[in-house]
>>> print(open('target-v2.pdb').read())   # PDB, C-alpha atoms and all ligand atoms
ATOM      1  CA  MET D   1     144.656  93.940 119.122
ATOM      2  CA  LEU D   2     141.202  95.412 119.541
ATOM      3  CA  THR D   3     142.633  97.756 122.144
ATOM      4  CA  ASP D   4     145.097  99.717 119.996
ATOM      5  CA  LEU D   5     145.449 101.478 116.652
ATOM      6  CA  GLU D   6     147.767  98.945 115.050
ATOM      7  CA  HIS D   7     145.052  96.902 113.331
ATOM      8  CA  ILE D   8     143.334  99.905 111.721
ATOM      9  CA  ARG D   9     144.021 100.435 108.020
ATOM     10  CA  LEU D  10     142.587 103.644 106.582
ATOM     11  CA  THR D  11     141.994 104.336 102.900
ATOM     12  CA  ASP D  12     142.147 107.720 101.157
ATOM     13  CA  ARG D  13     138.562 108.564 102.089
ATOM     14  CA  PRO D  14     137.295 110.889 104.857
ATOM     15  CA  LEU D  15     137.331 109.442 108.378
ATOM     16  CA  ILE D  16     134.476 109.129 110.877
ATOM     17  CA  VAL D  17     135.321 108.096 114.426
ATOM     18  CA  CYS D  18     132.215 107.047 116.315
ATOM     19  CA  ASP D  19     131.495 106.221 119.956
ATOM     20  CA  VAL D  20     129.337 103.157 120.659
ATOM     21  CA  ASP D  21     127.549 103.279 124.045
ATOM     22  CA  ASP D  22     124.463 105.509 123.966
ATOM     23  CA  VAL D  23     125.319 106.556 120.380
ATOM     24  CA  VAL D  24     125.064 103.299 118.408
ATOM     25  CA  LEU D  25     124.038 100.819 121.104
ATOM     26  CA  GLN D  26     121.656 101.745 123.890
ATOM     27  CA  PHE D  27     123.423 101.837 127.249
ATOM     28  CA  ALA D  28     121.574 103.791 129.964
ATOM     29  CA  THR D  29     118.160 102.210 129.351
ATOM     30  CA  PRO D  30     119.263  98.543 129.314
ATOM     31  CA  PHE D  31     121.717  99.231 132.162
ATOM     32  CA  GLN D  32     118.769 100.362 134.290
ATOM     33  CA  ALA D  33     116.900  97.155 133.430
ATOM     34  CA  PHE D  34     120.034  95.160 134.317
ATOM     35  CA  LEU D  35     120.298  96.970 137.676
ATOM     36  CA  GLU D  36     116.742  96.006 138.500
ATOM     37  CA  THR D  37     117.606  92.328 138.047
ATOM     38  CA  ARG D  38     120.273  92.914 140.726
ATOM     39  CA  GLY D  39     117.774  94.573 143.073
ATOM     40  CA  HIS D  40     119.117  98.084 142.430
ATOM     41  CA  ARG D  41     117.739 101.294 140.943
ATOM     42  CA  LEU D  42     119.277 104.272 139.118
ATOM     43  CA  LEU D  43     117.909 107.619 140.263
ATOM     44  CA  PRO D  44     118.051 110.287 137.528
ATOM     45  CA  ARG D  45     119.195 113.109 139.819
ATOM     46  CA  SER D  46     122.543 114.087 138.281
ATOM     47  CA  PHE D  47     124.729 113.123 135.318
ATOM     48  CA  LYS D  48     126.685 110.246 136.818
ATOM     49  CA  LEU D  49     126.210 106.642 137.782
ATOM     50  CA  THR D  50     128.244 106.565 140.997
ATOM     51  CA  GLY D  51     126.120 107.997 143.808
ATOM     52  CA  ASN D  52     122.839 107.547 141.926
ATOM     53  CA  ILE D  53     122.569 103.759 142.020
ATOM     54  CA  ILE D  54     120.747 102.670 145.143
ATOM     55  CA  ASN D  55     119.875  99.377 146.752
ATOM     56  CA  GLY D  56     116.160  98.857 146.114
ATOM     57  CA  SER D  57     115.427  97.412 149.548
ATOM     58  CA  ASP D  58     117.124  99.864 151.938
ATOM     59  CA  GLU D  59     117.815 102.785 149.501
ATOM     60  CA  SER D  60     121.509 102.806 150.465
ATOM     61  CA  VAL D  61     123.900 104.209 147.858
ATOM     62  CA  ILE D  62     126.015 101.615 146.023
ATOM     63  CA  GLU D  63     129.675 102.527 146.502
ATOM     64  CA  ALA D  64     132.075 103.160 143.615
ATOM     65  CA  PRO D  65     133.848  99.752 143.586
ATOM     66  CA  ALA D  66     130.487  97.954 143.494
ATOM     67  CA  VAL D  67     129.292 100.271 140.701
ATOM     68  CA  ARG D  68     132.407  99.398 138.670
ATOM     69  CA  ALA D  69     131.688  95.713 139.277
ATOM     70  CA  LEU D  70     128.100  96.159 138.054
ATOM     71  CA  ILE D  71     129.248  97.943 134.876
ATOM     72  CA  ASN D  72     131.727  95.109 134.287
ATOM     73  CA  GLU D  73     129.006  92.483 134.720
ATOM     74  CA  PHE D  74     126.763  94.400 132.346
ATOM     75  CA  PHE D  75     129.479  94.495 129.674
ATOM     76  CA  VAL D  76     130.112  90.761 130.129
ATOM     77  CA  GLU D  77     126.408  90.212 129.433
ATOM     78  CA  GLN D  78     126.058  93.029 126.856
ATOM     79  CA  GLU D  79     124.882  90.729 124.068
ATOM     80  CA  ARG D  80     121.763  89.972 126.135
ATOM     81  CA  TRP D  81     121.046  93.615 126.930
ATOM     82  CA  GLN D  82     122.254  96.072 124.319
ATOM     83  CA  THR D  83     120.406  96.874 121.094
ATOM     84  CA  PRO D  84     121.014  99.650 118.555
ATOM     85  CA  PHE D  85     119.187 102.963 118.411
ATOM     86  CA  ALA D  86     116.683 103.492 115.635
ATOM     87  CA  ASP D  87     118.408 104.520 112.382
ATOM     88  CA  ALA D  88     121.930 103.973 113.745
ATOM     89  CA  VAL D  89     122.700 100.821 111.743
ATOM     90  CA  ASP D  90     121.319 102.143 108.434
ATOM     91  CA  SER D  91     122.998 105.523 108.918
ATOM     92  CA  LEU D  92     126.380 103.932 109.618
ATOM     93  CA  HIS D  93     126.112 101.745 106.516
ATOM     94  CA  ALA D  94     125.221 104.823 104.452
ATOM     95  CA  LEU D  95     128.242 106.721 105.828
ATOM     96  CA  GLY D  96     130.480 103.696 105.306
ATOM     97  CA  LYS D  97     129.913 103.990 101.554
ATOM     98  CA  GLN D  98     131.732 107.312 101.392
ATOM     99  CA  ALA D  99     134.054 107.323 104.408
ATOM    100  CA  ASP D 100     136.225 105.113 106.592
ATOM    101  CA  LEU D 101     134.427 104.449 109.839
ATOM    102  CA  VAL D 102     136.126 103.465 113.093
ATOM    103  CA  PHE D 103     134.377 102.739 116.386
ATOM    104  CA  LEU D 104     136.140 104.151 119.441
ATOM    105  CA  THR D 105     134.461 102.541 122.420
ATOM    106  CA  ALA D 106     135.379 103.396 126.007
ATOM    107  CA  MET D 107     135.401 100.236 128.059
ATOM    108  CA  PRO D 108     137.799  98.044 130.000
ATOM    109  CA  PRO D 109     139.794  96.133 127.353
ATOM    110  CA  GLN D 110     138.699  92.728 128.645
ATOM    111  CA  HIS D 111     135.271  93.363 127.108
ATOM    112  CA  ALA D 112     136.609  94.136 123.631
ATOM    113  CA  GLU D 113     135.967  90.659 122.193
ATOM    114  CA  VAL D 114     132.333  90.612 123.301
ATOM    115  CA  ARG D 115     131.776  94.140 121.994
ATOM    116  CA  ARG D 116     133.340  93.137 118.647
ATOM    117  CA  ARG D 117     131.070  90.086 118.419
ATOM    118  CA  LEU D 118     127.942  92.113 119.226
ATOM    119  CA  LEU D 119     128.747  94.755 116.597
ATOM    120  CA  ASP D 120     129.444  92.009 114.035
ATOM    121  CA  GLN D 121     126.094  90.349 114.819
ATOM    122  CA  LEU D 122     124.455  93.689 114.020
ATOM    123  CA  THR D 123     126.356  93.838 110.660
ATOM    124  CA  LEU D 124     128.485  96.700 112.043
ATOM    125  CA  THR D 125     131.769  95.157 110.941
ATOM    126  CA  PHE D 126     133.681  98.474 110.860
ATOM    127  CA  PRO D 127     137.003  98.451 112.729
ATOM    128  CA  MET D 128     136.839  99.061 116.478
ATOM    129  CA  ILE D 129     139.189 100.194 119.212
ATOM    130  CA  ALA D 130     138.176  99.491 122.825
ATOM    131  CA  THR D 131     140.184 101.593 125.256
ATOM    132  CA  GLU D 132     139.816 103.706 128.374
ATOM    133  CA  GLU D 133     142.438 106.206 127.156
ATOM    134  CA  ALA D 134     141.449 109.797 126.383
ATOM    135  CA  LYS D 135     139.768 110.004 122.993
ATOM    136  CA  GLY D 136     141.511 113.171 121.700
ATOM    137  CA  PRO D 137     145.019 111.672 121.472
ATOM    138  CA  MET D 138     143.558 108.452 120.010
ATOM    139  CA  VAL D 139     141.734 110.295 117.211
ATOM    140  CA  ALA D 140     144.812 112.481 116.578
ATOM    141  CA  ALA D 141     146.998 109.378 116.191
ATOM    142  CA  LEU D 142     144.442 107.724 113.929
ATOM    143  CA  HIS D 143     143.856 110.753 111.690
ATOM    144  CA  ASP D 144     147.585 111.583 111.723
ATOM    145  CA  ALA D 145     146.938 115.055 110.235
ATOM    146  CA  ARG D 146     145.979 113.623 106.855
ATOM    147  CA  PRO D 147     144.636 116.226 104.385
ATOM    148  CA  LEU D 148     141.188 114.579 104.458
ATOM    149  CA  PRO D 149     138.018 115.506 106.355
ATOM    150  CA  VAL D 150     137.475 113.927 109.761
ATOM    151  CA  ALA D 151     134.391 113.739 111.988
ATOM    152  CA  PHE D 152     133.830 112.497 115.530
ATOM    153  CA  VAL D 153     130.469 111.467 117.039
ATOM    154  CA  ASP D 154     129.916 111.018 120.798
ATOM    155  CA  ASP D 155     127.323 111.504 123.538
ATOM    156  CA  MET D 156     129.866 112.700 126.130
ATOM    157  CA  VAL D 157     130.877 116.349 126.090
ATOM    158  CA  HIS D 158     134.301 115.686 127.648
ATOM    159  CA  ASN D 159     135.150 113.305 124.787
ATOM    160  CA  LEU D 160     134.104 115.905 122.199
ATOM    161  CA  HIS D 161     136.261 118.537 123.918
ATOM    162  CA  SER D 162     139.198 116.121 124.130
ATOM    163  CA  VAL D 163     139.029 115.471 120.389
ATOM    164  CA  GLY D 164     138.529 119.201 119.680
ATOM    165  CA  ASP D 165     141.706 119.969 121.658
ATOM    166  CA  HIS D 166     143.819 117.399 119.792
ATOM    167  CA  VAL D 167     142.319 117.466 116.273
ATOM    168  CA  PRO D 168     141.457 121.099 115.496
ATOM    169  CA  ASP D 169     140.047 120.389 112.016
ATOM    170  CA  CYS D 170     137.661 117.665 113.255
ATOM    171  CA  LEU D 171     133.886 118.074 112.913
ATOM    172  CA  LEU D 172     132.544 117.436 116.438
ATOM    173  CA  ILE D 173     129.049 115.956 116.597
ATOM    174  CA  TYR D 174     127.172 115.726 119.891
ATOM    175  CA  LEU D 175     124.427 113.109 119.629
ATOM    176  CA  PRO D 176     122.852 112.679 123.077
ATOM    177  CA  PRO D 177     120.297 109.901 123.465
ATOM    178  CA  PRO D 178     116.695 110.946 124.174
ATOM    179  CA  LEU D 179     116.881 110.162 127.905
ATOM    180  CA  ASP D 180     115.910 112.216 130.987
ATOM    181  CA  ILE D 181     119.326 111.864 132.600
ATOM    182  CA  PHE D 182     120.933 113.821 129.741
ATOM    183  CA  GLN D 183     119.147 116.968 130.931
ATOM    184  CA  PHE D 184     121.916 117.044 133.570
ATOM    185  CA  ALA D 185     124.723 116.670 131.024
ATOM    186  CA  PRO D 186     127.191 119.560 130.660
ATOM    187  CA  THR D 187     126.720 121.955 127.738
ATOM    188  CA  PRO D 188     129.268 121.574 124.943
ATOM    189  CA  GLN D 189     131.564 124.420 123.937
ATOM    190  CA  PRO D 190     130.786 126.477 120.829
ATOM    191  CA  GLY D 191     132.074 124.623 117.805
ATOM    192  CA  VAL D 192     130.459 121.351 118.860
ATOM    193  CA  ARG D 193     127.465 120.583 116.649
ATOM    194  CA  ARG D 194     124.474 119.136 118.510
ATOM    195  CA  VAL D 195     122.079 116.860 116.611
ATOM    196  CA  GLU D 196     119.094 114.883 117.889
ATOM    197  CA  THR D 197     118.955 111.937 115.483
ATOM    198  CA  TRP D 198     121.160 109.807 113.253
ATOM    199  CA  PRO D 199     119.587 111.186 110.036
ATOM    200  CA  GLN D 200     120.538 114.699 111.211
ATOM    201  CA  ALA D 201     124.071 113.497 111.966
ATOM    202  CA  LEU D 202     124.217 112.027 108.460
ATOM    203  CA  ASP D 203     123.277 115.388 106.899
ATOM    204  CA  VAL D 204     125.804 117.369 108.936
ATOM    205  CA  ILE D 205     128.638 114.900 108.240
ATOM    206  CA  ARG D 206     127.883 114.743 104.531
ATOM    207  CA  SER D 207     127.837 118.485 104.127
ATOM    208  CA  HIS D 208     131.151 118.708 106.032
ATOM    209  CA  PHE D 209     132.616 116.142 103.654
ATOM    210  CA  GLY D 210     131.340 118.210 100.752
ATOM    211  CA  GLY D 211     128.987 115.613  99.268
TER     212      GLY D 211
HETATM  213 MG    MG S 301     128.936 106.975 124.803
END
>>> encode(input="target-v2.pdb", output="structure tokens")
Amino acid sequence: MLTDLEHIRLTDRPLIVCDVDDVVLQFATPFQAFLETRGHRLLPRSFKLTGNIINGSDESVIEAPAVRALINEFFVEQERWQTPFADAVDSLHALGKQADLVFLTAMPPQHAEVRRRLLDQLTLTFPMIATEEAKGPMVAALHDARPLPVAFVDDMVHNLHSVGDHVPDCLLIYLPPPLDIFQFAPTPQPGVRRVETWPQALDVIRSHFGG
């Protein structure tokens, strides 16, 4: 199943667990374009979707259930909307030569098949888990305290903290996309390494792995 750990087979190499939305595939930018096709707009006034999506005609706020429905529709149509960030695909292939790479993508499980197909189309055939469970326990179960280096890459501070709490020896890499709305994102705790680009992430991961 694409929604659990059972199908993942690790080798005796270091492990990199990597988020997908707004780390590998663009999310916020195409989601805004998608909203416009529905007559809505996203106002960059705080770091959340719910409360900041408004109806373009009367400026009323779209309520939480309707926001969830919009995100679901977007994920159904993700192959039409989502493209990778510059350098992400090449960087992941470079890392995949020296480490096991696993995508840990937070989305309702019904979208796992489409997400898998989109990643495959982009040559990103690394294993993937699609789940809405907390990322820390997932990475802990995957890594299983093996005596090998482990790294985690995400654009959401709460995910980085979750993994830090459950996998103390994990290198935590914060890679926020270059978007205005991330100016409102919370600041990560000390111990989380912030980078601005995939090539920087590559350098930091490689030096952590000792190569
Ligand atoms: Mg993300």
>>> resolve_selection(input="target-v2.pdb", expression="the PyMOL selection byres (((chain D and resi 56) around 10) and not hetatm)", output="PDB file with C-alpha atoms, keeping the file's coordinate frame")
ATOM      1  CA  LEU D  35     120.298  96.970 137.676  1.00  0.00           C
ATOM      2  CA  GLU D  36     116.742  96.006 138.500  1.00  0.00           C
ATOM      3  CA  ARG D  38     120.273  92.914 140.726  1.00  0.00           C
ATOM      4  CA  GLY D  39     117.774  94.573 143.073  1.00  0.00           C
ATOM      5  CA  HIS D  40     119.117  98.084 142.430  1.00  0.00           C
ATOM      6  CA  ARG D  41     117.739 101.294 140.943  1.00  0.00           C
ATOM      7  CA  LEU D  42     119.277 104.272 139.118  1.00  0.00           C
ATOM      8  CA  ILE D  53     122.569 103.759 142.020  1.00  0.00           C
ATOM      9  CA  ILE D  54     120.747 102.670 145.143  1.00  0.00           C
ATOM     10  CA  ASN D  55     119.875  99.377 146.752  1.00  0.00           C
ATOM     11  CA  SER D  57     115.427  97.412 149.548  1.00  0.00           C
ATOM     12  CA  ASP D  58     117.124  99.864 151.938  1.00  0.00           C
ATOM     13  CA  GLU D  59     117.815 102.785 149.501  1.00  0.00           C
ATOM     14  CA  SER D  60     121.509 102.806 150.465  1.00  0.00           C
ATOM     15  CA  VAL D  61     123.900 104.209 147.858  1.00  0.00           C
TER      16      VAL D  61
END
>>> residues_near_ligand(input="target-v2.pdb", ligand="ligand MG 301 (chain S)", cutoff="12 Å", atoms="only C-alpha atoms and all ligand atoms", output="JSON, numbers by chain")
{"D": [18, 19, 20, 21, 22, 23, 24, 25, 26, 27, 28, 103, 104, 105, 106, 107, 132, 135, 152, 153, 154, 155, 156, 157, 158, 159, 160, 174, 175, 176, 177, 182]}
>>> atom_distance(input="target-v2.pdb", atom1="atom CA of D:Phe34", atom2="atom CA of D:Ala130")
21.9 Å
>>> resolve_selection(input="target-v2.pdb", expression="the PyMOL selection byres (((chain D and resi 3) around 6) and not hetatm)", output="list in words")
Met1, Leu2, Asp4, Ile129, Ala130 and Thr131 of chain D
>>> atom_distance(input="target-v2.pdb", atom1="atom CA of D:Val89", atom2="atom CA of D:Pro127")
14.5 Å
>>> closest_residue(input="target-v2.pdb", among="D:Ala112, D:Leu202, D:Val150, D:Leu118", to="D:Gln78", atoms="all atoms listed in the file")
D:Leu118
